[in-house]
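Each remark here refers to the structure printed beneath this line.
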Amino acid sequence: MATEYGQGYGRLDRPGFGGAGDEEPARRHLLPAGLRAPFEGRTWREFGYLMLSLPVSILMFTFAVTMLSLGAGLLITFLGIPVLAAALAGCRGLGALERTRARALLRLDVADPEPVRPVKRTPLSWGIGLMRSGTSWRHVVYAIVHFPWAVIAFSVAVSFWTYGWAMLTYPLWQWVFPVYVGVGGLQLYGDGTHNVYLDNPFEITVTAAVGLLITLATPWILRALTTVDRLLVSGLLGPSRLATRVVELESDRGVVVDTAAADLRRIERDLHDGAQARLVNLAMDLGLAKERLAEDPQAAARMVDEAHGEVKTALQELRDLARGIHPAVLTDRGLDAALSSVASRCTVPVQVDVDLPSRPAPAIEGIAYFTVSELLQNISKHTQATRATVDVWRVENRLLLQVTDNGTGGADVTKGSGLAGLAERLDAVDGILVVDSPPGGPTRVTAELPWRG
């Protein structure tokens, strides 16, 4: 159902995630990406990473296999446990080196895994904790699996890198062969009776052209190789999904507690400064009117009339406060009617389009309502917009909200504004807030919430 308030205008298209409107303008370059890739810092960093991978993987593989074999062989004695613990601790230390190397050369920021939590602070308990930790064994798997991959990646990277640049620059150093070797050029083929050398201008040009193709393809081959390394580092050396989820839930719980405390303080302040103060003044006015009722009935009547006005004002403040906690129209009629009510109080014309097959859970519905309400308040206060739209729809198991306006733009969720607090509230329920607001506008704020029916 579409509802419009104020002046009419055409409905804006609803963009999806990852559309052209969500992309930042790319920096302009004189050369296309394919030509400048061999000279970019990323290519050289990835090549350096692959060159270092082979010696580092040899060290890790040798250490892991030696220590694990020794520890397994000594398990029949008491010495096997400390040797295995040392092996796991060493693999975790080498894993930290790998995370640092990936962070420096691949720009891959992998968080440190969860530490070992022994039951008691004793060496034996710490060793048992290491052996019971899945993170420790994932580091061992990385040390073993990464070695064969490092050999392959090193060989491929060195071959493409050296052959590409050598063939590309062949016209510059081809003169070495007739001067110092006594042949016309680089030998392409040779047996007892036939020898083929790259020595005429056509062959030299073809060699350089093939070298150019290999050189241009090498950066993309390096990126494909380092993609596997990225997957190995992030999948085996980072925190487990369960640990990451626990940290997220702990953070979200803190946000929920802080938000609830802030809402309670706001409600208490509004009651104390608003309706409560008016009711106290009302009680005093009624007391004075009661005293003057016998002496000056007309003055008492005026005071009662003024008190009646105060009662109406206090009731309106209580209604506004109740609407800020949870509006009755949201409970009774759902998001469509509640958002239409919010839009009618906005200072700019707002078109509301709610396309939901059913109602989500009350908690998700309430968060969606207050998200749109706060975004419309921002439009009224800061954007200088002349029109806005609110779109609500469902995609699979997600509830999506989008609020757009044609204002001045420049909204930034990272500057600690109200959008930052809104993003934290959405994150507490596994929601996402995406802000697209270039200077000069328009502004598009998209919120994504889990659908819980």
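Convention: chains lettered A, B, ... in structure tokens order; per-chain residue numbering from 1; ligands numbered from 1 as shown.
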
Write out as a list of chain:residue names all residues of range 18-209 of chain A that DSSP puts in strand (DSSP E or B) for this structure's backbone.
A:Leu186, A:Gln187, A:Leu188, A:Tyr189, A:Gly190, A:Asn195, A:Val196, A:Tyr197, A:Leu198

Would you list the contacts of Ala102 in chain A as a ChimeraX atom specification, taking every protein, DNA or RNA residue within 10 Å and counting only C-alpha atoms, but skipping same-chain residues closer than 4 positions in sequence?
/A:45-46,49,96-98,106-110,226,229-230,233-234

Would you pick out the contacts of range 181-191 of chain A at 12 Å or less, using only C-alpha atoms, so that residues sharing its chain but fewer than 5 positions from it are not included, and give the list as a ChimeraX atom specification?
/A:166-167,170-176,196-201,203-204,207

Using backbone DSSP assignments, extract all helix (DSSP H, G or I) residues from range 75-202 of chain A; output them as a PyMOL selection string.
chain A and resi 80-105+123-132+134-168+170-173+176-181+201-202

For range 395-400 of chain A: contacts at 9 Å, only C-alpha atoms, fewer than 3 positions along chain excluded, given as a ChimeraX atom specification:
/A:356,360,364,368,391-392,446-452

Between CA of Ala411 in chain A and CA of Leu335 in chain A, measure the distance and give it in Å to one decimal.
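Distance reported for this atom pair: 25.5 Å.
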
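Of the listed residues A:Val390, A:Asp332, A:Ala37, A:Arg302, the one whose atoms come nearest to Gln351 in chain A is A:Val390, with distances taken using only C-alpha atoms.
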
Which residues are near Ala338 in chain A? Cut-off 10 Å, only C-alpha atoms, ignore same chain within fewer than 3 positions. Put them as a ChimeraX atom specification.
/A:327-335,341-343,366,369,373

Would you kindly return, as a list of chain:residue names, each protein, DNA or RNA residue with an atom no farther than 9 Å from any atom of Phe47 in chain A, considering only C-alpha atoms and excluding same-chain residues fewer than 6 positions away?
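Non-adjacent residues within range: A:Phe154, A:Ala157, A:Val158, A:Trp161, A:Pro219, A:Leu222, A:Thr226.
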
Select from range 127-244 of chain A every residue with an atom at most 12 Å from any atom of range 72-80 of chain A, then for each give the shortest pair of atoms and their distance in Å to one decimal, using only C-alpha atoms, rows by chain and rising number, as JSON lines.
```
{"residue": "A:Gly127", "atom": "CA", "partner": "A:Gly80", "partner_atom": "CA", "distance": 10.8}
{"residue": "A:Ile128", "atom": "CA", "partner": "A:Gly80", "partner_atom": "CA", "distance": 11.7}
{"residue": "A:Met131", "atom": "CA", "partner": "A:Gly80", "partner_atom": "CA", "distance": 11.7}
```

Selected residues written out, N, CA, C and O atoms, as a PDB file, in the first residue's frame:
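Produced file part38.pdb, reproduced below:
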```
ATOM      1  N   GLY A 127      49.215 -27.225  29.461  1.00  0.00           N
ATOM      2  CA  GLY A 127      49.476 -28.157  28.370  1.00  0.00           C
ATOM      3  C   GLY A 127      48.223 -28.901  27.943  1.00  0.00           C
ATOM      4  O   GLY A 127      47.971 -29.086  26.744  1.00  0.00           O
ATOM      5  N   ILE A 128      47.408 -29.326  28.919  1.00  0.00           N
ATOM      6  CA  ILE A 128      46.159 -30.008  28.585  1.00  0.00           C
ATOM      7  C   ILE A 128      45.206 -29.050  27.861  1.00  0.00           C
ATOM      8  O   ILE A 128      44.511 -29.434  26.911  1.00  0.00           O
ATOM      9  N   MET A 131      46.174 -28.871  24.249  1.00  0.00           N
ATOM     10  CA  MET A 131      45.782 -30.046  23.477  1.00  0.00           C
ATOM     11  C   MET A 131      44.272 -30.141  23.296  1.00  0.00           C
ATOM     12  O   MET A 131      43.791 -30.761  22.353  1.00  0.00           O
TER      13      MET A 131
END
```

Who sits within 9 Å of Leu94 in chain A, only C-alpha atoms, same chain under 4 positions skipped, as a ChimeraX atom specification
/A:56,60,89-90,98-99,139,143

Selected residue, from A:Ile367, A:Val354, A:Leu426, A:Ala217, that lies nearest to Leu35 in chain A when counting only C-alpha atoms:
A:Ala217

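Among A:Pro82, A:Gly71, A:Gly93, A:Gly164, the residue with the shortest atom-to-atom distance to Ser125 in chain A, counting only C-alpha atoms, is A:Pro82.
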
Atom-to-atom span, CA of His146 in chain A and CA of Ser57 in chain A, Å:
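Straight-line distance from CA of His146 in chain A to CA of Ser57 in chain A works out to 6.3 Å.
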